[in-house]
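Notes follow the structure.
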Amino acid sequence: MAAKKSSTPNRGFKVADQIQRDLTELIRELKDPRIGMCTLQAVEVTPDYAHAKVFFSVLVGDADATQEALNQAAGFLRNGLFKRLHIHTVPTLHFMFDRTTERASDMNALIARAVASRSKDDDEA
């Protein structure tokens with residue numbers, strides 16, 4: 001017997017995208033001073049919608065303090081999602097700091113240094 005397929009393909013991605021949009025608005029309403037200027041990068045939802053990993057980056061502020069504040073506000077944010085989303089199960093939120101932008105910046109610096117040292121070697125030769 002074939003496995004049952006979802007009635008709507010990519011529904012998980014659509015739900016994750018909607019969660020990301022709604023959370024962006026809800027986080028702006030938080031009054032916690034520990035939450036700096038943060039940007040939600042991505043949301044990953046489990047297939048049963050029980051849990052969602054929310055990846056964020058911080059433009060201004062401390063990443064650890066922001067992560068702690070967001071995880072403490074997760075219940076409030078989940079309640080706000082419950083009022084906005086029209087799905088049976090609203091996931092438990094787990095906020096995680098996304099270091100992708102830091103790694104990309106480090107890689108760009110390494111590449112720039114390598115290119116500079118190579119052009120310096122070419123000039124000396």
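Following the order of the structure tokens, first chain is A, next is B, and so on, with residues numbered from 1 inside each chain and ligands from 1 in the order they appear.
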Please provide the set of residues having any atom within 7 Å of range 50-61 of chain A, restricted to only C-alpha atoms, with same-chain residues fewer than 3 positions apart removed, written as JSON, numbers by chain.
-> {"A": [36, 37, 38, 39, 40, 41, 42, 43, 44, 45, 46, 89, 90, 91, 92, 93, 94, 95, 96, 97, 98]}
Using only C-alpha atoms, what table do you get, as JSON lines, when you list each residue of range 46-118 of chain A with an atom no more than 8 Å from range 19-28 of chain A, its nearest pair of atoms, and their distance in Å rounded to one decimal, rows by chain then rising number?
```
{"residue": "A:Val54", "atom": "CA", "partner": "A:Gln20", "partner_atom": "CA", "distance": 7.9}
{"residue": "A:Leu77", "atom": "CA", "partner": "A:Leu26", "partner_atom": "CA", "distance": 6.6}
{"residue": "A:Gly80", "atom": "CA", "partner": "A:Leu26", "partner_atom": "CA", "distance": 7.1}
{"residue": "A:Leu81", "atom": "CA", "partner": "A:Asp22", "partner_atom": "CA", "distance": 6.9}
{"residue": "A:Arg84", "atom": "CA", "partner": "A:Asp22", "partner_atom": "CA", "distance": 7.6}
{"residue": "A:Leu85", "atom": "CA", "partner": "A:Ile19", "partner_atom": "CA", "distance": 7.9}
```
Restrict the selected residues to all heavy atoms and save them as an mmCIF file, in the first residue's frame.
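See result-v5.cif below for the written result:
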```
data_model
loop_
_atom_site.group_PDB
_atom_site.id
_atom_site.type_symbol
_atom_site.label_atom_id
_atom_site.label_comp_id
_atom_site.auth_asym_id
_atom_site.auth_seq_id
_atom_site.Cartn_x
_atom_site.Cartn_y
_atom_site.Cartn_z
ATOM 1 N N VAL A 54 13.312 28.307 14.989
ATOM 2 C CA VAL A 54 13.291 29.643 14.405
ATOM 3 C C VAL A 54 14.717 30.184 14.462
ATOM 4 O O VAL A 54 15.271 30.386 15.543
ATOM 5 C CB VAL A 54 12.331 30.580 15.171
ATOM 6 C CG1 VAL A 54 12.288 31.945 14.522
ATOM 7 C CG2 VAL A 54 10.943 29.970 15.249
ATOM 8 N N LEU A 77 4.550 34.235 22.248
ATOM 9 C CA LEU A 77 4.569 34.261 20.783
ATOM 10 C C LEU A 77 3.744 33.115 20.199
ATOM 11 O O LEU A 77 3.044 33.296 19.199
ATOM 12 C CB LEU A 77 6.014 34.193 20.280
ATOM 13 C CG LEU A 77 6.888 35.402 20.649
ATOM 14 C CD1 LEU A 77 8.344 35.121 20.325
ATOM 15 C CD2 LEU A 77 6.397 36.649 19.938
ATOM 16 N N GLY A 80 0.177 34.079 20.347
ATOM 17 C CA GLY A 80 -0.124 35.006 19.259
ATOM 18 C C GLY A 80 -0.270 34.293 17.929
ATOM 19 O O GLY A 80 -1.137 34.631 17.116
ATOM 20 N N LEU A 81 0.574 33.283 17.698
ATOM 21 C CA LEU A 81 0.460 32.487 16.467
ATOM 22 C C LEU A 81 -0.847 31.706 16.433
ATOM 23 O O LEU A 81 -1.469 31.556 15.382
ATOM 24 C CB LEU A 81 1.635 31.506 16.346
ATOM 25 C CG LEU A 81 2.966 32.063 15.899
ATOM 26 C CD1 LEU A 81 4.018 30.965 15.921
ATOM 27 C CD2 LEU A 81 2.864 32.677 14.521
ATOM 28 N N ARG A 84 -3.500 33.695 15.032
ATOM 29 C CA ARG A 84 -3.346 34.090 13.628
ATOM 30 C C ARG A 84 -3.412 32.915 12.651
ATOM 31 O O ARG A 84 -3.918 33.059 11.554
ATOM 32 C CB ARG A 84 -2.008 34.803 13.439
ATOM 33 C CG ARG A 84 -1.947 36.136 14.122
ATOM 34 C CD ARG A 84 -0.532 36.674 14.052
ATOM 35 N NE ARG A 84 -0.454 37.978 14.674
ATOM 36 C CZ ARG A 84 0.043 39.034 14.067
ATOM 37 N NH1 ARG A 84 0.523 38.945 12.849
ATOM 38 N NH2 ARG A 84 0.087 40.189 14.696
ATOM 39 N N LEU A 85 -2.854 31.784 13.049
ATOM 40 C CA LEU A 85 -2.786 30.632 12.144
ATOM 41 C C LEU A 85 -4.068 29.812 12.219
ATOM 42 O O LEU A 85 -4.691 29.727 13.266
ATOM 43 C CB LEU A 85 -1.598 29.730 12.499
ATOM 44 C CG LEU A 85 -0.211 30.306 12.293
ATOM 45 C CD1 LEU A 85 0.832 29.324 12.790
ATOM 46 C CD2 LEU A 85 0.034 30.639 10.839
#
```
Given only C-alpha atoms as the counted atoms, nearest of A:Asp106, A:Asp32, A:Asp48, A:Asp123 to Glu68 in chain A |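 So, comparing all the options, the nearest one is A:Asp32.
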Residue with smallest distance to Asn10 in chain A - pool A:Glu102, A:Ile87, A:Gln72, A:Pro47, counting only C-alpha atoms |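 Looking at the shortest contact to Asn10 in chain A, the residue is A:Pro47.
Put simply, CA of Ala74 in chain A is 15.4 Å away from CA of Tyr49 in chain A.
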Would you work out the distance separating CA of Pro33 in chain A from CA of Asn71 in chain A, expressed in Å to one decimal?
->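 Computing it gives 14.1 Å between the two atoms.
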Report the distance between CA of Ala116 in chain A and CA of Thr101 in chain A in Å, rounded to one decimal place.
->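 Between CA of Ala116 in chain A and CA of Thr101 in chain A the gap works out to 22.4 Å.
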